[in-house]
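Peer 1: Can you read through this structure? Questions will come right after.
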Amino acid sequence: SGENRLTSWRNDPVSNLPSEIIYLRDEETAEIWSPTPEPAPAPAPYLIRHGAGYTGYEHHSHALQQHLRVYAAPDAPIKIMRLRLQNMMPTPRRITVTCYAEFVLGVDRETTQPYLVPEYDKTHGAIFMRNAYNEEFGERVAFLAANKQAMSATADRTSFFGRLGSLRRPDALQQIGLTDSVHAGLDPCAALQLHIDLPAEGVEEVYFLLGEGANQADSLALVERFRHAEEIDDAWRGVQEKWEQLLGAITVETPDPAMNLLLNRWLLYQALSCRIWGRSALYQSSGAYGFRDQLQDVLALLPIEPQLAREQILRAAAHQFEQGDVLHWWHPPSGRGVRTRIKDDLLWLPYVTAHYIATTGDTAILDEKTPFLTGPELTGEEEECYGHFESTTQAYSLLEHCRRAITRGLTAGPHGLPLMGAGDWNDGMNRVGIEGKGESIWLGWFVYATLNTFADVCDAAEVTGGEHYRQQAEVVRQAIEAHGWDGAWYRRAYYDDGAPLGSAQNTECRIDAIAQSWAVLSGAGDSERTRQAMDALATYLVKEEGRLLLLFTPALDKTPRDPGYIKGYLPGIRENGGQYTHAAQWSIWAFAELGDTARAYHLFQMINPILRSDTPAKVEQYKVEPYVISADVYNIAPHVGRGGWTWYTGSAAWMYRVGVEALLGLKLTKSTLRIQPRIPATWPGYSVKWKYKSSEYLIRVENPSGAGKDVHTILLDGASCPGDEIPLQDDGRQHSVIVHLGDAGRAPGSR
């Protein structure tokens, strides 16, 4: 989606001009309009519905009922635009339907324009387009096709719009037919024009197909296959079935409808469609894999589609260097990427691998072999290097990949804390430790968590190293307690010269959220200190008025120090003192872990995008989509509470986990489901439908005493289960589970 865009990506939320358009023209009146609100709207309302895998447009104008559904085939690289027209008049009509696509086949049209070569296959009603000069995609052939014979076609964008024409009223639609100009050297596009004869009150459907095959033959086969109505219908059923299988694996029903909407559909859809598969959205269209990014994303899929997590773990391992460090991000298929001095990336490999094995029991993944990348290490003042790196001829086990990551990640600075390098999750703090002496308290917590979870992997796989990792983790823990505590909360880092960051000594960035939350999440922080630190987080970083849970405060602005490019953001924007929602999820989870259930749930509600948009006043304040989580929310007047970057954010996967695991307390461990709820005392309970392989578990959690936590009894198919765990069976049956919450010495229902 970054290096081989089929059509233009504008990155302009104000005038986001479409690059794929369907036009309608009434042949009797010569009126021109689009069945979508842009670029040629008719003076009548448009109803737009977004769902899992599709968008639908409904519009009624010019005595025509217009229904357009857009979706991608689940098993082929093809986008289907399915247009249904119904004549509402008692007389026949002739309508011209024209589909236009602004082909790019690279990063941007201005660069690729001279190299695009079109071809029109009249028999198949398709325009094919190729860019042989796109180094990594030169063999691929894109196409625009229709299910019926086109009356005319053109690949000349200039003739289509005219020299001074516009998207609203192209010159070509004010004439009879398109120019039929299809040859190299033009200002390239693809446009197909169909004529539809609608009988009185009649209905007709047409389909346009946009896609790209591996080569000319593959593209031709795709066009031929999807020209048939039954294939279009099968693709639509496939879209629905595929998403239902994924999004319906875990279904929750709580007293909070906004929470249900996010957990049952939108958060998983956002994480999977946008982050893992598309790696593209309105505000960013990189197409790249981030080493840490997609590894974190797939954690949400472990109980639902563990195979996707397995594939991503091995994919990431293949982008690790022999020395243990990794590419910060890379572009498929070549793997071109950037080698950096960022210190946390590599540790996400053993961290996520450990969680994968704990959830699935699949220790065999440790024996899977992938090569390392090879190349000269960064030298001197070189902060990063972008390029294509060769792979070793020998492949190594995932266990070896994880061990090298841990070995490389175990660094220590003057205080015995891990070195921060060019970033430690917060890429914007890329200058704090760039000289090789700065240290990170947050990274210390993360190292501790990684070492302990991977020690458990070593034990489960019966390989050596577990005890050594635990000893190393204890060394890191002691260093943090000795040098990370600031008196009322944990510091964030130390600059290269030893000055603290995230300290009461600072006038800016005095307290940072992730240094506090991970003291809890890692299990390493002193219990008394962590409670004090989280109280400080609640005092200084929770802003009720703007519904904000800040990353740190105050924003970096006038400090003479150079923490990195984070200071280039306006104060209160994105990581620089705004709500960075990824970290906000960690804060909520930490409160839940501490048993502060009311606060955890309140903060979950506070950042819920649906509840940011449930009144006209909130809509005007938030200004972005209510059905996906945003990466950041502004903390600067007059835009306090305004949503920033949406869709393309790791906070979707983390919010899903916070809702399902931290609050509802559902955690899969191999073939056991543990239930440890942290729900509001006012909830009477909640229910869950959990699909485990061929079986289905209908779980009802009851909260009669208002405890909100602490399992009292569990009944599985009428029989008592000890503790808080449900053994799961792959027996194809439906099972009933009733969970009572309450104090151990109190009978269910008593007060």
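Convention: chains lettered A, B, ... in structure tokens order; per-chain residue numbering from 1; ligands numbered from 1 as shown.
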Applying 12 Å and only C-alpha atoms, which residues near His468 in chain A remain after dropping the ones on its own chain fewer than 5 positions away? List them as a list in words.

Peer 2: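 Skipping anything fewer than 5 positions along the chain leaves Arg403, Ile406, Thr407, Leu451, Asn452, Phe454, Ala455, Asp456, Cys458, Asp459, Val463, Ala473, Glu474 and Val475 of chain A.
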
Peer 1: Export N, CA, C and O atoms of the chosen residues as a PDB file, in the first residue's frame?

Peer 2:
ATOM      1  N   ARG A 403      17.081 -15.803  21.810  1.00  0.00           N
ATOM      2  CA  ARG A 403      18.245 -15.697  22.696  1.00  0.00           C
ATOM      3  C   ARG A 403      19.148 -14.545  22.269  1.00  0.00           C
ATOM      4  O   ARG A 403      19.656 -13.789  23.113  1.00  0.00           O
ATOM      5  N   ILE A 406      17.666 -11.234  23.312  1.00  0.00           N
ATOM      6  CA  ILE A 406      17.838 -10.966  24.737  1.00  0.00           C
ATOM      7  C   ILE A 406      19.271 -10.582  25.044  1.00  0.00           C
ATOM      8  O   ILE A 406      19.528  -9.629  25.799  1.00  0.00           O
ATOM      9  N   THR A 407      20.219 -11.307  24.478  1.00  0.00           N
ATOM     10  CA  THR A 407      21.631 -10.993  24.714  1.00  0.00           C
ATOM     11  C   THR A 407      21.950  -9.574  24.268  1.00  0.00           C
ATOM     12  O   THR A 407      22.615  -8.808  24.983  1.00  0.00           O
ATOM     13  N   LEU A 451      12.422 -11.016  30.281  1.00  0.00           N
ATOM     14  CA  LEU A 451      13.291 -12.060  30.830  1.00  0.00           C
ATOM     15  C   LEU A 451      12.486 -13.102  31.600  1.00  0.00           C
ATOM     16  O   LEU A 451      12.713 -14.310  31.472  1.00  0.00           O
ATOM     17  N   ASN A 452      11.540 -12.656  32.392  1.00  0.00           N
ATOM     18  CA  ASN A 452      10.767 -13.605  33.192  1.00  0.00           C
ATOM     19  C   ASN A 452       9.810 -14.436  32.354  1.00  0.00           C
ATOM     20  O   ASN A 452       9.649 -15.639  32.576  1.00  0.00           O
ATOM     21  N   PHE A 454      10.168 -15.153  29.204  1.00  0.00           N
ATOM     22  CA  PHE A 454      10.922 -16.087  28.371  1.00  0.00           C
ATOM     23  C   PHE A 454      11.590 -17.168  29.213  1.00  0.00           C
ATOM     24  O   PHE A 454      11.837 -18.280  28.716  1.00  0.00           O
ATOM     25  N   ALA A 455      11.864 -16.885  30.463  1.00  0.00           N
ATOM     26  CA  ALA A 455      12.351 -17.936  31.359  1.00  0.00           C
ATOM     27  C   ALA A 455      11.317 -19.044  31.482  1.00  0.00           C
ATOM     28  O   ALA A 455      11.657 -20.236  31.510  1.00  0.00           O
ATOM     29  N   ASP A 456      10.039 -18.655  31.532  1.00  0.00           N
ATOM     30  CA  ASP A 456       8.971 -19.660  31.571  1.00  0.00           C
ATOM     31  C   ASP A 456       8.948 -20.489  30.290  1.00  0.00           C
ATOM     32  O   ASP A 456       8.648 -21.695  30.319  1.00  0.00           O
ATOM     33  N   CYS A 458      11.584 -21.239  28.471  1.00  0.00           N
ATOM     34  CA  CYS A 458      12.701 -22.190  28.587  1.00  0.00           C
ATOM     35  C   CYS A 458      12.303 -23.384  29.443  1.00  0.00           C
ATOM     36  O   CYS A 458      12.628 -24.534  29.117  1.00  0.00           O
ATOM     37  N   ASP A 459      11.594 -23.113  30.532  1.00  0.00           N
ATOM     38  CA  ASP A 459      11.152 -24.209  31.396  1.00  0.00           C
ATOM     39  C   ASP A 459      10.176 -25.121  30.663  1.00  0.00           C
ATOM     40  O   ASP A 459      10.293 -26.355  30.727  1.00  0.00           O
ATOM     41  N   VAL A 463      14.564 -26.396  27.989  1.00  0.00           N
ATOM     42  CA  VAL A 463      15.882 -25.954  27.530  1.00  0.00           C
ATOM     43  C   VAL A 463      16.497 -25.102  28.626  1.00  0.00           C
ATOM     44  O   VAL A 463      15.810 -24.573  29.505  1.00  0.00           O
ATOM     45  N   ALA A 473      16.973 -10.612  35.412  1.00  0.00           N
ATOM     46  CA  ALA A 473      15.813  -9.763  35.653  1.00  0.00           C
ATOM     47  C   ALA A 473      15.882  -9.134  37.038  1.00  0.00           C
ATOM     48  O   ALA A 473      15.548  -7.953  37.219  1.00  0.00           O
ATOM     49  N   GLU A 474      16.327  -9.880  38.012  1.00  0.00           N
ATOM     50  CA  GLU A 474      16.426  -9.355  39.373  1.00  0.00           C
ATOM     51  C   GLU A 474      17.481  -8.248  39.459  1.00  0.00           C
ATOM     52  O   GLU A 474      17.298  -7.253  40.174  1.00  0.00           O
ATOM     53  N   VAL A 475      18.555  -8.392  38.711  1.00  0.00           N
ATOM     54  CA  VAL A 475      19.578  -7.340  38.675  1.00  0.00           C
ATOM     55  C   VAL A 475      18.980  -6.042  38.134  1.00  0.00           C
ATOM     56  O   VAL A 475      19.210  -4.948  38.674  1.00  0.00           O
TER      57      VAL A 475
END

Peer 1: Can you pull out every residue within 12 Å of Arg678 in chain A, counting only C-alpha atoms, but drop anything in the same chain fewer than 3 positions away, and send it as a PyMOL selection string?

Peer 2: chain A and resi 588-602+658-666+675+681-683+685-686+701+703+706-711+741-742

Peer 1: Take the residues just selected and output them with N, CA, C and O atoms as a short mmCIF file (atom, residue, chain, number, x, y, z; two decimals), in the first residue's frame.

Peer 2:
data_model
loop_
_atom_site.label_atom_id
_atom_site.label_comp_id
_atom_site.auth_asym_id
_atom_site.auth_seq_id
_atom_site.Cartn_x
_atom_site.Cartn_y
_atom_site.Cartn_z
N ILE A 588 -4.65 2.02 31.98
CA ILE A 588 -5.92 1.40 32.40
C ILE A 588 -5.68 -0.02 32.90
O ILE A 588 -6.21 -0.44 33.94
N TRP A 589 -4.88 -0.77 32.16
CA TRP A 589 -4.59 -2.15 32.55
C TRP A 589 -3.90 -2.18 33.91
O TRP A 589 -4.19 -3.04 34.76
N ALA A 590 -2.99 -1.24 34.15
CA ALA A 590 -2.28 -1.20 35.42
C ALA A 590 -3.24 -0.95 36.59
O ALA A 590 -3.12 -1.58 37.65
N PHE A 591 -4.19 -0.03 36.41
CA PHE A 591 -5.18 0.21 37.47
C PHE A 591 -6.00 -1.06 37.72
O PHE A 591 -6.32 -1.39 38.87
N ALA A 592 -6.36 -1.77 36.65
CA ALA A 592 -7.12 -3.01 36.81
C ALA A 592 -6.30 -4.04 37.58
O ALA A 592 -6.82 -4.74 38.46
N GLU A 593 -5.01 -4.15 37.26
CA GLU A 593 -4.15 -5.10 37.95
C GLU A 593 -4.03 -4.79 39.43
O GLU A 593 -3.92 -5.69 40.27
N LEU A 594 -4.06 -3.52 39.77
CA LEU A 594 -3.99 -3.12 41.17
C LEU A 594 -5.31 -3.33 41.90
O LEU A 594 -5.39 -3.10 43.12
N GLY A 595 -6.35 -3.73 41.18
CA GLY A 595 -7.66 -3.93 41.79
C GLY A 595 -8.49 -2.67 41.88
O GLY A 595 -9.56 -2.68 42.50
N ASP A 596 -8.01 -1.59 41.27
CA ASP A 596 -8.77 -0.33 41.26
C ASP A 596 -9.77 -0.40 40.11
O ASP A 596 -9.66 0.30 39.10
N THR A 597 -10.76 -1.24 40.29
CA THR A 597 -11.70 -1.57 39.22
C THR A 597 -12.50 -0.37 38.75
O THR A 597 -12.67 -0.14 37.55
N ALA A 598 -12.99 0.41 39.70
CA ALA A 598 -13.84 1.55 39.33
C ALA A 598 -13.07 2.54 38.47
O ALA A 598 -13.59 3.04 37.47
N ARG A 599 -11.83 2.81 38.86
CA ARG A 599 -11.04 3.77 38.09
C ARG A 599 -10.69 3.21 36.71
O ARG A 599 -10.75 3.93 35.71
N ALA A 600 -10.32 1.93 36.65
CA ALA A 600 -9.96 1.33 35.36
C ALA A 600 -11.12 1.40 34.39
O ALA A 600 -10.96 1.79 33.22
N TYR A 601 -12.32 1.03 34.85
CA TYR A 601 -13.48 1.06 33.97
C TYR A 601 -13.85 2.49 33.59
O TYR A 601 -14.20 2.76 32.43
N HIS A 602 -13.74 3.41 34.53
CA HIS A 602 -14.05 4.82 34.23
C HIS A 602 -13.12 5.35 33.13
O HIS A 602 -13.57 6.03 32.20
N VAL A 658 -7.31 -4.90 26.76
CA VAL A 658 -7.70 -4.31 28.04
C VAL A 658 -9.15 -4.65 28.36
O VAL A 658 -9.48 -5.03 29.50
N GLY A 659 -10.04 -4.55 27.36
CA GLY A 659 -11.44 -4.85 27.60
C GLY A 659 -11.68 -6.31 27.92
O GLY A 659 -12.36 -6.64 28.91
N VAL A 660 -11.12 -7.21 27.10
CA VAL A 660 -11.39 -8.64 27.26
C VAL A 660 -10.59 -9.25 28.40
O VAL A 660 -11.12 -10.00 29.23
N GLU A 661 -9.29 -8.94 28.47
CA GLU A 661 -8.43 -9.59 29.44
C GLU A 661 -8.39 -8.87 30.79
O GLU A 661 -8.53 -9.50 31.84
N ALA A 662 -8.19 -7.53 30.76
CA ALA A 662 -8.00 -6.81 32.01
C ALA A 662 -9.31 -6.57 32.74
O ALA A 662 -9.38 -6.73 33.96
N LEU A 663 -10.37 -6.16 32.04
CA LEU A 663 -11.63 -5.82 32.69
C LEU A 663 -12.56 -7.02 32.81
O LEU A 663 -13.02 -7.35 33.91
N LEU A 664 -12.84 -7.70 31.70
CA LEU A 664 -13.70 -8.88 31.77
C LEU A 664 -12.95 -10.08 32.31
O LEU A 664 -13.57 -11.07 32.74
N GLY A 665 -11.63 -10.00 32.29
CA GLY A 665 -10.81 -11.01 32.97
C GLY A 665 -10.76 -12.36 32.30
O GLY A 665 -10.61 -13.38 32.97
N LEU A 666 -10.84 -12.40 30.97
CA LEU A 666 -10.85 -13.67 30.23
C LEU A 666 -9.47 -13.91 29.63
O LEU A 666 -9.02 -13.14 28.78
N ILE A 675 -10.85 -17.00 34.42
CA ILE A 675 -11.78 -15.87 34.55
C ILE A 675 -11.43 -15.11 35.83
O ILE A 675 -11.59 -15.64 36.94
N ALA A 681 -18.78 -2.48 40.36
CA ALA A 681 -19.65 -3.08 41.37
C ALA A 681 -21.11 -2.98 40.98
O ALA A 681 -21.93 -3.81 41.39
N THR A 682 -21.46 -1.97 40.19
CA THR A 682 -22.86 -1.75 39.80
C THR A 682 -23.34 -2.71 38.72
O THR A 682 -24.55 -2.82 38.49
N TRP A 683 -22.44 -3.39 38.04
CA TRP A 683 -22.86 -4.34 37.01
C TRP A 683 -23.47 -5.58 37.67
O TRP A 683 -22.86 -6.18 38.56
N GLY A 685 -23.61 -8.26 36.12
CA GLY A 685 -22.82 -9.32 35.51
C GLY A 685 -22.65 -9.08 34.03
O GLY A 685 -22.91 -7.98 33.52
N TYR A 686 -22.21 -10.09 33.32
CA TYR A 686 -22.06 -10.00 31.86
C TYR A 686 -22.03 -11.43 31.32
O TYR A 686 -21.90 -12.41 32.08
N VAL A 701 -21.44 -14.53 33.79
CA VAL A 701 -20.77 -14.09 35.01
C VAL A 701 -21.76 -13.27 35.81
O VAL A 701 -22.28 -12.26 35.32
N ASN A 703 -22.75 -11.12 39.34
CA ASN A 703 -22.11 -10.30 40.37
C ASN A 703 -23.14 -9.93 41.45
O ASN A 703 -23.47 -8.76 41.64
N GLY A 706 -22.06 -7.46 44.33
CA GLY A 706 -21.43 -6.19 43.97
C GLY A 706 -19.94 -6.17 44.18
O GLY A 706 -19.33 -5.11 44.26
N ALA A 707 -19.33 -7.36 44.23
CA ALA A 707 -17.88 -7.41 44.44
C ALA A 707 -17.13 -6.94 43.19
O ALA A 707 -16.12 -6.24 43.28
N GLY A 708 -17.61 -7.34 42.02
CA GLY A 708 -16.96 -6.95 40.77
C GLY A 708 -15.70 -7.74 40.46
O GLY A 708 -15.10 -7.57 39.41
N LYS A 709 -15.27 -8.60 41.38
CA LYS A 709 -14.06 -9.40 41.19
C LYS A 709 -14.12 -10.59 42.14
O LYS A 709 -15.07 -10.75 42.91
N ASP A 710 -13.11 -11.44 42.09
CA ASP A 710 -12.99 -12.60 42.96
C ASP A 710 -14.08 -13.64 42.68
O ASP A 710 -15.23 -13.51 43.08
N VAL A 711 -13.66 -14.68 41.98
CA VAL A 711 -14.58 -15.77 41.64
C VAL A 711 -14.93 -16.57 42.89
O VAL A 711 -14.04 -17.01 43.64
N LEU A 741 -19.45 -14.22 41.30
CA LEU A 741 -18.41 -13.42 41.93
C LEU A 741 -18.82 -13.13 43.37
O LEU A 741 -20.00 -13.07 43.70
N GLY A 742 -17.83 -12.91 44.23
CA GLY A 742 -18.13 -12.56 45.62
C GLY A 742 -17.05 -13.03 46.54
O GLY A 742 -16.10 -13.73 46.14
#

Peer 1: Give me, please, the distance in Å between CA of Ala145 in chain A and CA of Leu210 in chain A, quoted to one decimal.

Peer 2: 6.7 Å

Peer 1: Considering only C-alpha atoms, can you say which of A:Arg84, A:Arg339, A:His59, A:His740 comes closest to Gln323 in chain A?

Peer 2: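 For Gln323 in chain A, the nearest of the candidates is A:Arg339.
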
Peer 1: For Asp108 in chain A, list every protein, DNA or RNA residue within 10 Å, evaluated using only C-alpha atoms, and leave out those in the same chain fewer than 3 positions away; present the list as a list in words.

Peer 2: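 So, after excluding close chain neighbours, the residues are Gly2, Glu3, Asn4, Arg5, Leu6, Thr7, Ser8, Trp9, Arg10, Phe103, Val104, Leu105, Thr111, Thr112 and Gln113 of chain A.
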
Peer 1: Identify all residues of range 226-461 of chain A in strand (DSSP E) (DSSP on the backbone) and supply them as a PyMOL selection string.

Peer 2: chain A and resi 250-253+289-290+327-331+336-340+369-374+384-387+390-397+439-440

Peer 1: Could you take the residues named above and write them with N, CA, C and O atoms, as a short mmCIF file (atom, residue, chain, number, x, y, z; two decimals), in the first residue's frame?

Peer 2:
data_model
loop_
_atom_site.label_atom_id
_atom_site.label_comp_id
_atom_site.auth_asym_id
_atom_site.auth_seq_id
_atom_site.Cartn_x
_atom_site.Cartn_y
_atom_site.Cartn_z
N ILE A 250 -15.24 -14.46 19.80
CA ILE A 250 -15.51 -14.06 21.19
C ILE A 250 -16.54 -12.95 21.14
O ILE A 250 -16.28 -11.88 20.58
N THR A 251 -17.71 -13.19 21.71
CA THR A 251 -18.78 -12.20 21.72
C THR A 251 -19.16 -11.90 23.16
O THR A 251 -19.42 -12.82 23.93
N VAL A 252 -19.16 -10.61 23.51
CA VAL A 252 -19.48 -10.24 24.89
C VAL A 252 -20.79 -9.45 24.93
O VAL A 252 -21.15 -8.77 23.96
N GLU A 253 -21.47 -9.55 26.03
CA GLU A 253 -22.69 -8.78 26.26
C GLU A 253 -22.60 -8.23 27.68
O GLU A 253 -22.74 -8.95 28.66
N TYR A 289 5.92 -3.24 7.44
CA TYR A 289 5.80 -3.90 8.73
C TYR A 289 6.72 -3.20 9.72
O TYR A 289 7.90 -2.98 9.43
N GLY A 290 6.20 -2.86 10.88
CA GLY A 290 7.04 -2.39 11.97
C GLY A 290 7.38 -3.57 12.85
O GLY A 290 6.51 -4.38 13.18
N LEU A 327 15.52 -4.84 12.01
CA LEU A 327 15.02 -3.72 11.23
C LEU A 327 13.87 -3.08 11.98
O LEU A 327 12.94 -3.76 12.41
N HIS A 328 13.89 -1.77 12.11
CA HIS A 328 12.80 -1.07 12.79
C HIS A 328 11.51 -1.21 11.99
O HIS A 328 10.44 -1.39 12.55
N TRP A 329 11.62 -1.14 10.68
CA TRP A 329 10.51 -1.44 9.77
C TRP A 329 11.07 -1.87 8.44
O TRP A 329 12.23 -1.61 8.12
N TRP A 330 10.23 -2.56 7.65
CA TRP A 330 10.67 -3.01 6.33
C TRP A 330 9.47 -3.09 5.40
O TRP A 330 8.33 -3.23 5.83
N HIS A 331 9.77 -2.98 4.10
CA HIS A 331 8.74 -3.09 3.06
C HIS A 331 8.81 -4.46 2.40
O HIS A 331 9.87 -4.86 1.92
N ARG A 336 13.36 -4.39 2.10
CA ARG A 336 14.11 -3.15 2.33
C ARG A 336 13.60 -2.49 3.60
O ARG A 336 12.40 -2.34 3.79
N GLY A 337 14.53 -2.06 4.44
CA GLY A 337 14.11 -1.46 5.69
C GLY A 337 15.21 -0.66 6.34
O GLY A 337 16.26 -0.43 5.75
N VAL A 338 14.97 -0.26 7.58
CA VAL A 338 15.89 0.63 8.27
C VAL A 338 16.42 -0.02 9.54
O VAL A 338 15.66 -0.51 10.38
N ARG A 339 17.74 -0.05 9.64
CA ARG A 339 18.44 -0.53 10.84
C ARG A 339 18.72 0.68 11.71
O ARG A 339 19.21 1.70 11.24
N THR A 340 18.40 0.58 12.99
CA THR A 340 18.49 1.73 13.87
C THR A 340 19.19 1.37 15.17
O THR A 340 19.59 0.23 15.39
N LYS A 369 12.78 -22.62 11.76
CA LYS A 369 14.05 -22.00 11.38
C LYS A 369 13.86 -20.91 10.33
O LYS A 369 13.14 -21.09 9.36
N THR A 370 14.52 -19.80 10.56
CA THR A 370 14.58 -18.70 9.60
C THR A 370 16.00 -18.15 9.60
O THR A 370 16.70 -18.23 10.61
N PRO A 371 16.43 -17.60 8.49
CA PRO A 371 17.78 -17.01 8.46
C PRO A 371 17.82 -15.68 9.20
O PRO A 371 16.79 -15.09 9.53
N PHE A 372 19.02 -15.22 9.48
CA PHE A 372 19.24 -13.87 9.97
C PHE A 372 19.55 -12.96 8.77
O PHE A 372 19.91 -13.43 7.69
N LEU A 373 19.42 -11.67 8.99
CA LEU A 373 19.97 -10.71 8.05
C LEU A 373 21.45 -10.50 8.36
O LEU A 373 21.88 -10.69 9.51
N THR A 374 22.18 -10.10 7.36
CA THR A 374 23.59 -9.86 7.56
C THR A 374 23.98 -8.53 6.95
O THR A 374 23.42 -8.11 5.94
N GLU A 384 21.12 5.51 11.78
CA GLU A 384 20.29 4.51 11.11
C GLU A 384 20.81 4.29 9.70
O GLU A 384 21.57 5.10 9.16
N CYS A 385 20.35 3.20 9.10
CA CYS A 385 20.76 2.89 7.73
C CYS A 385 19.61 2.20 7.03
O CYS A 385 19.13 1.15 7.49
N TYR A 386 19.17 2.78 5.92
CA TYR A 386 18.09 2.18 5.13
C TYR A 386 18.71 1.45 3.95
O TYR A 386 19.60 1.98 3.26
N GLY A 387 18.24 0.24 3.72
CA GLY A 387 18.77 -0.49 2.58
C GLY A 387 18.18 -1.88 2.48
O GLY A 387 17.27 -2.26 3.21
N GLU A 390 21.14 -8.71 2.84
CA GLU A 390 21.11 -10.11 2.47
C GLU A 390 20.83 -10.98 3.68
O GLU A 390 21.04 -10.58 4.83
N SER A 391 20.36 -12.19 3.41
CA SER A 391 20.10 -13.15 4.48
C SER A 391 21.23 -14.16 4.55
O SER A 391 21.92 -14.43 3.56
N THR A 392 21.43 -14.72 5.72
CA THR A 392 22.44 -15.76 5.88
C THR A 392 22.00 -17.01 5.12
O THR A 392 20.80 -17.27 4.94
N THR A 393 22.98 -17.79 4.68
CA THR A 393 22.66 -19.03 3.96
C THR A 393 22.09 -20.08 4.92
O THR A 393 21.29 -20.92 4.52
N GLN A 394 22.50 -20.00 6.17
CA GLN A 394 22.02 -20.94 7.16
C GLN A 394 20.80 -20.38 7.89
O GLN A 394 20.71 -19.18 8.15
N ALA A 395 19.85 -21.24 8.20
CA ALA A 395 18.67 -20.84 8.98
C ALA A 395 18.87 -21.27 10.43
O ALA A 395 19.55 -22.27 10.72
N TYR A 396 18.28 -20.51 11.33
CA TYR A 396 18.45 -20.75 12.77
C TYR A 396 17.08 -20.85 13.43
O TYR A 396 16.10 -20.26 12.98
N SER A 397 17.02 -21.58 14.53
CA SER A 397 15.76 -21.78 15.23
C SER A 397 15.26 -20.47 15.82
O SER A 397 16.03 -19.56 16.12
N GLU A 439 19.91 6.29 29.72
CA GLU A 439 19.27 5.07 30.19
C GLU A 439 17.76 5.24 30.27
O GLU A 439 17.26 6.35 30.44
N SER A 440 17.06 4.13 30.22
CA SER A 440 15.59 4.14 30.22
C SER A 440 15.04 3.32 31.38
O SER A 440 15.32 2.12 31.48
#

Peer 1: List the spatial neighbours of Arg547 in chain A as number ranges by chain - criterion: any atom at most 9 Å away, only C-alpha atoms, same-chain residues fewer than 3 positions off excluded.

Peer 2: A: 542-544, 603, 606-607, 612, 640-641

Peer 1: Find the spatial neighbours of Thr530 in chain A, counting only C-alpha atoms, within a cut-off of 8 Å - ignore same-chain residues fewer than 5 positions away - and output them as a ChimeraX atom specification.

Peer 2: /A:489,516,519-520,525

Peer 1: Convert the current residue selection to file output with all heavy atoms, as an mmCIF file, in the first residue's frame.

Peer 2:
data_model
loop_
_atom_site.group_PDB
_atom_site.id
_atom_site.type_symbol
_atom_site.label_atom_id
_atom_site.label_comp_id
_atom_site.auth_asym_id
_atom_site.auth_seq_id
_atom_site.Cartn_x
_atom_site.Cartn_y
_atom_site.Cartn_z
ATOM 1 N N TRP A 489 7.016 9.073 42.276
ATOM 2 C CA TRP A 489 6.759 8.252 41.096
ATOM 3 C C TRP A 489 8.090 7.825 40.502
ATOM 4 O O TRP A 489 9.162 8.255 40.973
ATOM 5 C CB TRP A 489 5.931 9.005 40.058
ATOM 6 C CG TRP A 489 6.533 10.322 39.578
ATOM 7 C CD1 TRP A 489 7.540 10.496 38.670
ATOM 8 C CD2 TRP A 489 6.169 11.629 40.002
ATOM 9 N NE1 TRP A 489 7.814 11.821 38.483
ATOM 10 C CE2 TRP A 489 6.978 12.554 39.291
ATOM 11 C CE3 TRP A 489 5.221 12.137 40.903
ATOM 12 C CZ2 TRP A 489 6.893 13.929 39.454
ATOM 13 C CZ3 TRP A 489 5.129 13.501 41.068
ATOM 14 C CH2 TRP A 489 5.952 14.391 40.348
ATOM 15 N N GLN A 516 5.220 4.443 35.033
ATOM 16 C CA GLN A 516 4.393 4.057 36.182
ATOM 17 C C GLN A 516 3.597 2.782 35.863
ATOM 18 O O GLN A 516 3.567 1.848 36.663
ATOM 19 C CB GLN A 516 3.425 5.190 36.561
ATOM 20 C CG GLN A 516 3.959 6.605 36.470
ATOM 21 C CD GLN A 516 5.358 6.804 37.019
ATOM 22 O OE1 GLN A 516 5.705 6.276 38.071
ATOM 23 N NE2 GLN A 516 6.173 7.574 36.297
ATOM 24 N N ALA A 519 5.578 -0.432 35.826
ATOM 25 C CA ALA A 519 5.993 -0.902 37.148
ATOM 26 C C ALA A 519 5.003 -1.938 37.647
ATOM 27 O O ALA A 519 5.358 -2.906 38.330
ATOM 28 C CB ALA A 519 6.076 0.279 38.120
ATOM 29 N N VAL A 520 3.733 -1.771 37.266
ATOM 30 C CA VAL A 520 2.683 -2.729 37.618
ATOM 31 C C VAL A 520 2.663 -3.888 36.627
ATOM 32 O O VAL A 520 2.673 -5.062 37.015
ATOM 33 C CB VAL A 520 1.304 -2.039 37.650
ATOM 34 C CG1 VAL A 520 0.213 -3.039 38.007
ATOM 35 C CG2 VAL A 520 1.308 -0.867 38.605
ATOM 36 N N GLY A 525 7.677 -3.761 40.118
ATOM 37 C CA GLY A 525 7.713 -2.603 40.993
ATOM 38 C C GLY A 525 7.395 -2.939 42.439
ATOM 39 O O GLY A 525 6.574 -3.814 42.727
#

Peer 1: Expressed in Å to a single decimal, how great is the separation between CA of Arg93 in chain A and CA of Glu201 in chain A?

Peer 2: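 Distance reported for this atom pair: 9.3 Å.
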
Peer 1: Using only C-alpha atoms, pick whichever of A:Pro677, A:Leu308, A:Gly409, A:Met655 has the shortest atom-to-atom distance to Thr581 in chain A.

Peer 2: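 Looking only at the distances to Thr581 in chain A, the closest residue turns out to be A:Met655.
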